[in-house]
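The next block is structure_9.cif, given as mmCIF, C-alpha atoms.
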```
data_coords
#
loop_
_atom_site.label_atom_id
_atom_site.label_comp_id
_atom_site.auth_asym_id
_atom_site.auth_seq_id
_atom_site.Cartn_x
_atom_site.Cartn_y
_atom_site.Cartn_z
CA MET A 1 61.11 46.23 14.31
CA PRO A 2 60.14 47.00 10.68
CA GLU A 3 56.88 45.69 9.28
CA PRO A 4 57.17 42.49 7.21
CA VAL A 5 56.49 42.83 3.50
CA ILE A 6 53.81 40.12 3.72
CA LEU A 7 51.81 39.16 6.80
CA LEU A 8 48.93 36.71 6.38
CA ASP A 9 46.80 35.91 9.43
CA GLU A 10 44.21 33.11 9.22
CA LEU A 11 43.65 33.91 5.55
CA THR A 12 40.82 31.88 4.03
CA LYS A 13 39.34 31.86 0.55
CA GLU A 14 36.14 30.06 -0.40
CA PHE A 15 34.44 29.96 -3.78
CA PRO A 16 30.65 29.84 -3.90
CA ALA A 17 29.25 26.38 -4.53
CA ASP A 18 27.05 23.90 -2.70
CA PRO A 19 28.89 23.22 -0.47
CA PRO A 20 31.45 26.10 -0.78
CA VAL A 21 34.88 25.16 -2.13
CA ARG A 22 37.66 26.15 0.27
CA ALA A 23 40.77 27.00 -1.76
CA LEU A 24 42.81 28.53 1.10
CA SER A 25 42.38 27.39 4.68
CA ALA A 26 43.44 29.66 7.58
CA ILE A 27 46.86 30.45 6.10
CA ASN A 28 49.51 32.18 8.20
CA LEU A 29 52.65 33.49 6.52
CA ARG A 30 55.25 36.11 7.38
CA VAL A 31 57.74 37.28 4.74
CA GLU A 32 60.40 39.81 5.75
CA LYS A 33 62.21 42.27 3.52
CA SER A 34 64.81 40.52 1.31
CA ASP A 35 63.29 37.09 2.00
CA TYR A 36 63.29 34.66 -0.94
CA VAL A 37 60.40 32.24 -0.54
CA ALA A 38 59.32 29.40 -2.81
CA ILE A 39 55.72 28.19 -2.60
CA VAL A 40 55.38 24.64 -3.89
CA GLY A 41 52.50 22.23 -4.28
CA PRO A 42 50.68 20.01 -6.77
CA SER A 43 48.13 21.20 -9.31
CA GLY A 44 44.88 22.16 -7.62
CA SER A 45 46.56 22.76 -4.27
CA GLY A 46 45.70 26.45 -4.07
CA LYS A 47 48.92 27.95 -5.48
CA SER A 48 47.15 30.08 -8.08
CA THR A 49 44.56 31.30 -5.59
CA LEU A 50 47.32 32.25 -3.16
CA LEU A 51 49.23 34.03 -5.93
CA ASN A 52 46.15 36.02 -6.92
CA THR A 53 45.52 36.93 -3.29
CA LEU A 54 49.12 38.02 -2.66
CA GLY A 55 48.98 40.05 -5.88
CA LEU A 56 45.78 41.82 -4.76
CA LEU A 57 43.99 40.36 -7.76
CA ASP A 58 41.54 38.47 -5.56
CA ARG A 59 40.06 39.08 -2.11
CA PRO A 60 40.08 36.53 0.70
CA THR A 61 36.82 35.43 2.28
CA SER A 62 38.19 36.06 5.78
CA GLY A 63 41.42 36.77 7.60
CA SER A 64 44.03 39.47 7.18
CA TYR A 65 46.62 40.38 4.54
CA ARG A 66 49.01 43.17 5.44
CA LEU A 67 51.39 44.33 2.70
CA ASP A 68 54.16 46.63 3.96
CA GLY A 69 52.05 47.14 7.07
CA ILE A 70 48.92 48.13 5.11
CA GLU A 71 45.81 46.06 5.77
CA THR A 72 44.55 45.37 2.25
CA VAL A 73 41.45 43.24 2.74
CA GLY A 74 38.91 46.01 3.28
CA LEU A 75 40.31 48.55 0.84
CA LYS A 76 38.39 49.80 -2.17
CA ASP A 77 39.32 48.29 -5.52
CA SER A 78 40.83 51.57 -6.72
CA VAL A 79 43.13 51.74 -3.71
CA ARG A 80 44.11 48.08 -4.09
CA THR A 81 44.95 48.76 -7.75
CA THR A 82 47.17 51.68 -6.76
CA ILE A 83 48.98 49.61 -4.13
CA ARG A 84 49.39 46.72 -6.55
CA GLY A 85 50.88 49.01 -9.19
CA SER A 86 53.33 50.69 -6.82
CA ARG A 87 54.40 47.85 -4.53
CA ILE A 88 54.19 44.56 -6.50
CA GLY A 89 56.12 43.49 -9.58
CA PHE A 90 54.77 40.47 -11.45
CA VAL A 91 56.80 37.89 -13.41
CA PHE A 92 54.93 35.17 -15.30
CA GLN A 93 55.80 31.95 -17.11
CA SER A 94 54.95 33.66 -20.41
CA PHE A 95 56.98 36.79 -20.99
CA HIS A 96 54.15 39.00 -22.36
CA LEU A 97 56.52 41.17 -24.38
CA LEU A 98 55.16 43.07 -27.38
CA PRO A 99 56.95 41.57 -30.42
CA HIS A 100 57.23 44.78 -32.45
CA ARG A 101 58.57 46.92 -29.59
CA SER A 102 62.19 46.99 -28.54
CA VAL A 103 63.33 45.62 -25.19
CA LEU A 104 63.66 49.18 -23.88
CA GLU A 105 60.18 50.14 -25.09
CA ASN A 106 58.67 47.03 -23.52
CA VAL A 107 60.18 47.92 -20.15
CA MET A 108 59.09 51.56 -20.44
CA LEU A 109 55.50 50.41 -21.07
CA ALA A 110 55.33 49.29 -17.43
CA GLU A 111 54.75 52.93 -16.45
CA VAL A 112 52.26 53.93 -19.13
CA TYR A 113 49.21 53.31 -16.95
CA GLY A 114 50.76 54.24 -13.62
CA ALA A 115 51.30 57.46 -11.75
CA ALA A 116 55.03 57.77 -12.45
CA PRO A 117 55.98 60.92 -14.37
CA ARG A 118 56.86 60.56 -18.04
CA ALA A 119 60.05 62.53 -17.45
CA GLY A 120 62.90 60.15 -16.73
CA ARG A 121 61.03 57.03 -17.88
CA ARG A 122 63.73 56.04 -20.37
CA GLU A 123 66.44 56.45 -17.73
CA ARG A 124 64.47 54.36 -15.21
CA ALA A 125 63.99 51.63 -17.82
CA LEU A 126 67.69 51.64 -18.65
CA ARG A 127 68.54 51.29 -14.95
CA ALA A 128 66.11 48.36 -14.65
CA LEU A 129 67.71 46.66 -17.66
CA GLU A 130 71.14 47.22 -16.14
CA ARG A 131 69.97 45.49 -12.95
CA VAL A 132 69.08 42.38 -14.95
CA ARG A 133 72.30 42.55 -17.02
CA LEU A 134 70.52 43.23 -20.31
CA SER A 135 71.95 46.66 -21.20
CA HIS A 136 73.50 45.20 -24.36
CA ARG A 137 70.07 44.24 -25.75
CA VAL A 138 68.05 47.45 -25.23
CA GLY A 139 67.40 48.04 -28.94
CA TYR A 140 66.60 44.42 -29.84
CA LEU A 141 63.15 43.08 -30.61
CA PRO A 142 62.03 40.21 -28.31
CA GLY A 143 62.17 37.71 -31.17
CA LYS A 144 65.94 38.23 -31.38
CA LEU A 145 66.46 37.25 -27.73
CA SER A 146 66.90 33.88 -26.07
CA GLY A 147 64.19 32.67 -23.72
CA GLY A 148 66.29 33.64 -20.72
CA GLU A 149 66.88 37.12 -22.11
CA ARG A 150 63.17 37.57 -22.73
CA GLN A 151 62.45 36.60 -19.14
CA ARG A 152 65.12 39.00 -17.89
CA ALA A 153 63.46 41.77 -19.92
CA ALA A 154 60.15 40.85 -18.29
CA ILE A 155 61.82 40.99 -14.86
CA ALA A 156 63.25 44.43 -15.69
CA ARG A 157 59.72 45.57 -16.55
CA ALA A 158 58.52 44.22 -13.18
CA LEU A 159 61.25 46.19 -11.41
CA MET A 160 60.08 49.53 -12.80
CA GLY A 161 58.87 51.65 -9.89
CA ASP A 162 61.08 49.77 -7.41
CA PRO A 163 58.37 47.48 -5.95
CA SER A 164 58.51 46.03 -2.44
CA LEU A 165 57.67 42.55 -3.68
CA LEU A 166 58.56 40.53 -6.77
CA LEU A 167 55.83 37.93 -7.26
CA CYS A 168 56.80 35.20 -9.72
CA ASP A 169 54.49 32.55 -11.19
CA GLU A 170 56.45 29.60 -12.62
CA PRO A 171 59.07 32.05 -13.94
CA THR A 172 61.29 29.33 -15.46
CA GLY A 173 58.51 27.15 -16.86
CA ASN A 174 59.35 28.03 -20.48
CA LEU A 175 63.15 27.93 -20.11
CA ASP A 176 65.82 25.30 -20.64
CA SER A 177 68.23 24.45 -17.84
CA LYS A 178 70.92 26.95 -18.90
CA ASN A 179 68.47 29.88 -19.05
CA THR A 180 66.80 28.70 -15.84
CA ASP A 181 70.15 28.93 -14.06
CA ALA A 182 70.70 32.44 -15.43
CA VAL A 183 67.32 33.64 -14.16
CA LEU A 184 67.88 32.02 -10.76
CA ASP A 185 71.31 33.69 -10.54
CA LEU A 186 69.54 36.98 -11.19
CA PHE A 187 67.06 36.31 -8.38
CA ASP A 188 70.02 35.70 -6.06
CA ASP A 189 71.49 39.06 -7.10
CA LEU A 190 68.20 40.89 -6.60
CA ARG A 191 67.75 39.36 -3.17
CA ALA A 192 71.27 40.47 -2.23
CA GLN A 193 70.21 43.99 -3.25
CA GLY A 194 67.28 43.82 -0.80
CA MET A 195 64.43 42.66 -3.06
CA THR A 196 61.74 40.44 -1.53
CA ILE A 197 60.91 37.54 -3.84
CA VAL A 198 58.07 35.02 -3.71
CA VAL A 199 58.16 32.29 -6.37
CA ILE A 200 55.30 29.93 -7.13
CA THR A 201 56.83 26.80 -8.67
CA HIS A 202 56.54 23.06 -9.06
CA GLU A 203 60.21 22.67 -10.05
CA SER A 204 62.52 21.43 -7.30
CA ASP A 205 65.63 23.02 -8.83
CA VAL A 206 63.88 26.39 -8.54
CA SER A 207 62.57 25.93 -5.01
CA ASP A 208 65.95 24.59 -3.86
CA ARG A 209 67.55 27.95 -4.65
CA ALA A 210 65.15 29.90 -2.42
CA GLY A 211 65.97 30.78 1.16
CA ARG A 212 62.70 29.26 2.40
CA ARG A 213 60.24 26.77 1.03
CA VAL A 214 56.60 26.48 2.04
CA ARG A 215 54.20 23.86 0.74
CA ILE A 216 50.52 24.23 0.03
CA THR A 217 48.35 21.11 -0.08
CA ASP A 218 44.55 21.25 -0.30
CA GLY A 219 44.66 24.91 0.70
CA VAL A 220 46.77 24.33 3.82
CA LEU A 221 50.21 26.00 4.01
CA THR A 222 53.10 24.42 5.92
CA GLU A 223 56.73 25.50 6.29
CA GLU A 224 59.35 23.01 5.12
#
```
Let me see the structure of the file written as structure tokens.
Amino acid sequence: MPEPVILLDELTKEFPADPPVRALSAINLRVEKSDYVAIVGPSGSGKSTLLNTLGLLDRPTSGSYRLDGIETVGLKDSVRTTIRGSRIGFVFQSFHLLPHRSVLENVMLAEVYGAAPRAGRRERALRALERVRLSHRVGYLPGKLSGGERQRAAIARALMGDPSLLLCDEPTGNLDSKNTDAVLDLFDDLRAQGMTIVVITHESDVSDRAGRRVRITDGVLTEE
């Protein structure tokens, strides 16, 4: 049986205080390849801490986090950075596109600080833009795009390098309902292609489209 993309075992995160603040409490979660999981919960529930932990941006206090079968908790920062760059694509509420660079250039920038060879970068970026149905906008500046198109460009950038996991933080938070539907349709397409997607959201119309929904409340995760 193949390794799950995400396997959390009794994962706990505490922040130093007197007494310590427990943000994540003995979390267990298994996410298989091509799963589409929505993590929901109120403000202050631990969503951001869980996102940062899944993205290898923060370390748990105890427990285990295996990503593609690799135990990540005890790894050096440099190794965690390499794994994060090669196996995780990030999509945020804000698009973080450079305004004076074309859509194609913005997507190509995803590889500037990575280990991918410069040769073929343009072709890889064009393929990523084709996956998100934005080939007709490659030469446009971000300011000429709709909000949904800007988010699709950001998703294309996240797909550079063919990551194992697409980790999305409120990806439709800045979009109207029409553009939200377009982005959610894209997530459905990517999942059908085998992409594993985890979405952090407080919007029910977003979480309803996912294959699974888990809820975090006061640092405790439960399956719905």
Counting all atoms listed in the file, what is within 9 Å of Thr172 (chain A), bar same-chain residues fewer than 5 positions away, as a list in words?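 So, after excluding close chain neighbours, the residues are Phe92, Gln93, Gly148, Gln151, Ser177, Asn179, Thr180, Asp181, Val183, Leu184, Thr201, Glu203 and Val206 of chain A.
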Between A:Thr72, A:Asn52, A:Ser64, A:Thr82, smallest distance to Ile200 (chain A) by only C-alpha atoms belongs to A:Asn52
Query - Result set, the PyMOL selection byres ((chain A and resi 48) around 12) on current file, as a PyMOL selection string - result: chain A and resi 13+23-24+39-47+49-55+57-58+92+167-170+199-202+216+219
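Take CA of Pro142 (chain A) and CA of His100 (chain A): the distance between them is 7.8 Å.
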Students should find that CA of Ala210 (chain A) and CA of Leu29 (chain A) are spaced 15.8 Å
note - CA of Phe187 (chain A) and CA of Arg66 (chain A) are separated by 23.7 Å
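Restricting the calculation to only C-alpha atoms, the smallest distance between Gly85 (chain A) and any of A:Ser164, A:Asn106, A:Thr61, A:Ser34 is found for A:Ser164.
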